[in-house]
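Colleague: I'd like to ask some things about the structure below.
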Amino acid sequence: MTVPDDGSQLSETPALSGAPVKEIVYASKTDDLEGQEVKQKKGNEQESLDPRERKLQHWRNSIYAVGCVNIDWKDENPFRSHPPGHKRNDQMSWSGVVCGSCLTGAGRIGNMAIFYTTTEEYESVETNEAGEERVVKRKRPRPVCMVGPYWPINLCLTWPLVLGISGWTLVTRVIHQNIVVIITWSLCTFAMCVSLLLVACANPGILYRHEEAPAGEEGDWRWNDQAKTYRPSTARFDTECQVVIEAFDHTCPWTGTGIGGGNMTYFKSFVFMVPVCIVYTVVLHMGFT
């Protein structure tokens, strides 16, 4: 099935006799415009509220499973003036200054700073005026590149250690070795740095908000009061990142972010490459090559 260029709605009904009817409707451009008008209206309503009400309203309207935090990073900037009743999170001051600046222009989901977002298509079950259910295909933003609340530790401690020791080893030992050692050491160091970059900047698996437990989904879905959402049993609310992360494992200050299903592979790669590079460095400095 294809979608017309004019964005009109299409439906598809299975032709098999006796099969349950599943109507797939593509959201039209008109629906998108109406959605934008609703968002604009909500934004105007928020501007008329006091800071605490704006914060609560923004939290309730979020499509992500997030905790109740300030709306954007400028709200955490200690050098900006804030209206009466506004409350900053002192632990997010660095993010407020750097991520709230015009140079980065980072968005905010919980305590995660968002630098790049794409879109994805998803299906939602809706009931029309006749009481019939239909599957509607819509699009929603999908955060891709981001950093967690501990990005200052990752940037100011982890990376200097990795690059400093690697650079020192390169200058004092590696360049004097044979080509095999140079290539293998370079590959190991490159793999470690790429793994660290990916685990620190990838989406750890931020969950979208589910006001009802999804029908037909496998696993046990439970209610999370901190994010006002149903979540899979493997997902957890990360109090540091202030988001629900699918397949959540832990929050890692060294990588600066939460570790979940979205960046676990990169994290395991980084954890594996660190001791490999350490052993290689020790061997080089002890003169075994």
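Each chain in the structure tokens gets a letter, A, B, ..., in the order shown, and its residues are numbered from 1; ligands are numbered from 1 in order too.
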Pick out the residues sitting within 8 Å of A:Ile114, and hand them over as a PyMOL selection string; count only C-alpha atoms, and ignore anything fewer than 2 positions along from it in its own chain.

Modeller: chain A and resi 106-109+112+116-117+143-147

Colleague: Convert the current residue selection to file output with all heavy atoms, as a short mmCIF file (atom, residue, chain, number, x, y, z; two decimals), in the first residue's frame.

Modeller:
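The result, stored in out15.cif:
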data_model
loop_
_atom_site.label_atom_id
_atom_site.label_comp_id
_atom_site.auth_asym_id
_atom_site.auth_seq_id
_atom_site.Cartn_x
_atom_site.Cartn_y
_atom_site.Cartn_z
N ALA A 106 20.81 22.67 22.74
CA ALA A 106 20.38 21.30 23.04
C ALA A 106 18.96 21.28 23.57
O ALA A 106 18.55 22.14 24.35
CB ALA A 106 21.33 20.67 24.05
N GLY A 107 18.20 20.29 23.15
CA GLY A 107 16.88 20.07 23.70
C GLY A 107 16.99 19.32 25.01
O GLY A 107 18.08 18.96 25.47
N ARG A 108 15.84 19.06 25.61
CA ARG A 108 15.86 18.41 26.92
C ARG A 108 14.77 17.36 27.03
O ARG A 108 13.60 17.62 26.72
CB ARG A 108 15.69 19.43 28.04
CG ARG A 108 15.75 18.82 29.43
CD ARG A 108 15.77 19.87 30.51
NE ARG A 108 16.02 19.28 31.81
CZ ARG A 108 16.19 19.96 32.94
NH1 ARG A 108 16.11 21.29 32.91
NH2 ARG A 108 16.43 19.35 34.07
N ILE A 109 15.15 16.16 27.45
CA ILE A 109 14.22 15.10 27.82
C ILE A 109 14.67 14.59 29.17
O ILE A 109 15.71 13.95 29.27
CB ILE A 109 14.21 13.95 26.79
CG1 ILE A 109 13.80 14.47 25.41
CG2 ILE A 109 13.27 12.84 27.23
CD1 ILE A 109 13.85 13.41 24.33
N MET A 112 18.45 14.52 30.16
CA MET A 112 19.26 14.21 28.99
C MET A 112 19.27 15.41 28.05
O MET A 112 18.22 16.00 27.77
CB MET A 112 18.69 12.99 28.26
CG MET A 112 18.47 11.76 29.14
SD MET A 112 20.00 11.00 29.67
CE MET A 112 20.55 10.23 28.15
N TYR A 116 20.42 15.73 18.50
CA TYR A 116 19.90 15.38 17.18
C TYR A 116 18.71 14.45 17.34
O TYR A 116 18.75 13.49 18.12
CB TYR A 116 20.97 14.69 16.32
CG TYR A 116 20.47 14.26 14.97
CD1 TYR A 116 20.19 15.19 13.97
CD2 TYR A 116 20.25 12.91 14.69
CE1 TYR A 116 19.72 14.79 12.72
CE2 TYR A 116 19.78 12.50 13.44
CZ TYR A 116 19.51 13.45 12.47
OH TYR A 116 19.04 13.06 11.25
N THR A 117 17.64 14.76 16.60
CA THR A 117 16.41 13.98 16.66
C THR A 117 15.94 13.67 15.25
O THR A 117 15.97 14.54 14.37
CB THR A 117 15.31 14.75 17.41
OG1 THR A 117 15.76 15.05 18.72
CG2 THR A 117 14.04 13.91 17.51
N PRO A 143 14.73 10.68 19.53
CA PRO A 143 16.05 11.22 19.88
C PRO A 143 17.16 10.24 19.54
O PRO A 143 17.06 9.04 19.83
CB PRO A 143 15.95 11.47 21.39
CG PRO A 143 14.86 10.55 21.86
CD PRO A 143 13.90 10.43 20.73
N VAL A 144 18.22 10.74 18.93
CA VAL A 144 19.31 9.87 18.46
C VAL A 144 20.61 10.19 19.17
O VAL A 144 21.27 9.31 19.73
CB VAL A 144 19.48 10.00 16.93
CG1 VAL A 144 20.68 9.16 16.47
CG2 VAL A 144 18.22 9.56 16.21
N CYS A 145 21.02 11.46 19.11
CA CYS A 145 22.30 11.86 19.70
C CYS A 145 22.05 12.70 20.94
O CYS A 145 21.32 13.69 20.89
CB CYS A 145 23.12 12.65 18.68
SG CYS A 145 24.73 13.20 19.29
N MET A 146 22.65 12.32 22.06
CA MET A 146 22.41 13.00 23.33
C MET A 146 23.54 12.70 24.30
O MET A 146 24.38 11.83 24.05
CB MET A 146 21.09 12.50 23.93
CG MET A 146 21.12 11.01 24.30
SD MET A 146 19.47 10.37 24.66
CE MET A 146 18.75 10.40 23.03
N VAL A 147 23.55 13.42 25.41
CA VAL A 147 24.47 13.13 26.51
C VAL A 147 23.66 13.10 27.80
O VAL A 147 22.60 13.73 27.91
CB VAL A 147 25.61 14.16 26.62
CG1 VAL A 147 26.54 14.06 25.43
CG2 VAL A 147 25.07 15.57 26.78
#

Colleague: Please return as a ChimeraX atom specification: the residues of stretch 27-175 of chain A that backbone DSSP assigns to alpha helix (DSSP H).

Modeller: /A:29-47,51-61,93-98,151-153,159-172

Colleague: Extract, using only C-alpha atoms, all DNA, RNA and protein residues at most 9 Å from stretch 187-192 of chain A, discarding same-chain residues fewer than 5 positions from it, and format them as a list in words.

Modeller: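 Counting only the stated atoms, we get Val162, Ser166, Ile182, Leu197, Ser269, Phe270, Val271, Phe272, Met273, Val274, Val276, Cys277 and Tyr280 of chain A.
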
Colleague: Using only C-alpha atoms, which of A:Cys99, A:Ala227, A:Ile206, A:Ala113 sits nearest A:Gly148?

Modeller: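 Of the candidates, the smallest distance to A:Gly148 is held by A:Ala113.
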
Colleague: Residues at most 8 Å from stretch 52-63 of chain A, counting only C-alpha atoms, excluding those fewer than 5 positions away in the same chain, as a list in words?

Modeller: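 Surrounding residues, per the criterion: Gln46, Glu47, Cys68, Val69, Asn70, Ile71, Gly85, His86, Tyr208 and Arg209 of chain A.
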
Colleague: Generate a file of the selected residues that holds C-alpha atoms, formatted as an mmCIF file, in the first residue's frame.

Modeller:
data_model
loop_
_atom_site.group_PDB
_atom_site.id
_atom_site.type_symbol
_atom_site.label_atom_id
_atom_site.label_comp_id
_atom_site.auth_asym_id
_atom_site.auth_seq_id
_atom_site.Cartn_x
_atom_site.Cartn_y
_atom_site.Cartn_z
ATOM 1 C CA GLN A 46 1.599 27.533 29.444
ATOM 2 C CA GLU A 47 2.992 31.059 29.046
ATOM 3 C CA CYS A 68 8.949 16.251 36.387
ATOM 4 C CA VAL A 69 11.893 18.514 35.591
ATOM 5 C CA ASN A 70 12.247 22.081 34.341
ATOM 6 C CA ILE A 71 11.172 22.661 30.755
ATOM 7 C CA GLY A 85 8.502 30.648 42.211
ATOM 8 C CA HIS A 86 11.032 29.128 39.817
ATOM 9 C CA TYR A 208 7.660 6.717 25.247
ATOM 10 C CA ARG A 209 4.822 7.387 27.647
#

Colleague: Take atom CA of A:Asn178 and atom CA of A:Gly164 and report the distance between them in Å, one decimal.

Modeller: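 Separation between atom CA of A:Asn178 and atom CA of A:Gly164: 22.3 Å.
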
Colleague: Quick check for you: according to DSSP on this backbone, which residues of stretch 25-191 of chain A are classed as strand (DSSP E)? Reply as JSON, numbers by chain.

Modeller: {"A": [25, 26, 107, 108, 109, 112, 113, 114, 115, 116, 117, 118, 119, 120, 121, 122, 123, 124, 125, 126, 127, 133, 134, 135, 136, 137, 138, 139, 140, 141, 142, 143, 144, 145, 146, 147]}

Colleague: Could you list, as a PyMOL selection string, every residue within 10 Å of A:Trp159, counting only C-alpha atoms and ignoring same-chain residues fewer than 4 positions away?

Modeller: chain A and resi 153-155+163-165+193+196-197+254-255

Colleague: Could you tell me which of A:Tyr230, A:Trp221, A:Trp168, A:Trp185 comes closest to A:Val279 if we count only C-alpha atoms?

Modeller: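 Nearest candidate to A:Val279 out of A:Tyr230, A:Trp221, A:Trp168, A:Trp185: A:Trp185.
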
Colleague: Skip A:Glu211 itself and residues of its chain fewer than 5 positions away, then list as an MDAnalysis selection string all residues within 10 Å of it, counting only C-alpha atoms.

Modeller: chainID A and resid 63 65 223 228:231

Colleague: One number please: atom CA of A:Gly287 to atom CA of A:Thr158, in Å, one decimal.

Modeller: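 Rounded to one decimal, the two atoms are 26.6 Å apart.
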
Colleague: A:Ile278, A:Ile179, A:Met286, A:Tyr122: which is nearest A:Leu161, counting only C-alpha atoms?

Modeller: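 That would be A:Ile278, the residue with the smallest distance to A:Leu161.
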
Colleague: Could you check the closest approach to A:Arg138 for each of A:Asp238, A:Asp249, A:Glu126, A:Glu120 and tell me which residue wins, using only C-alpha atoms?

Modeller: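 Among the listed residues, A:Glu120 lies closest to A:Arg138.
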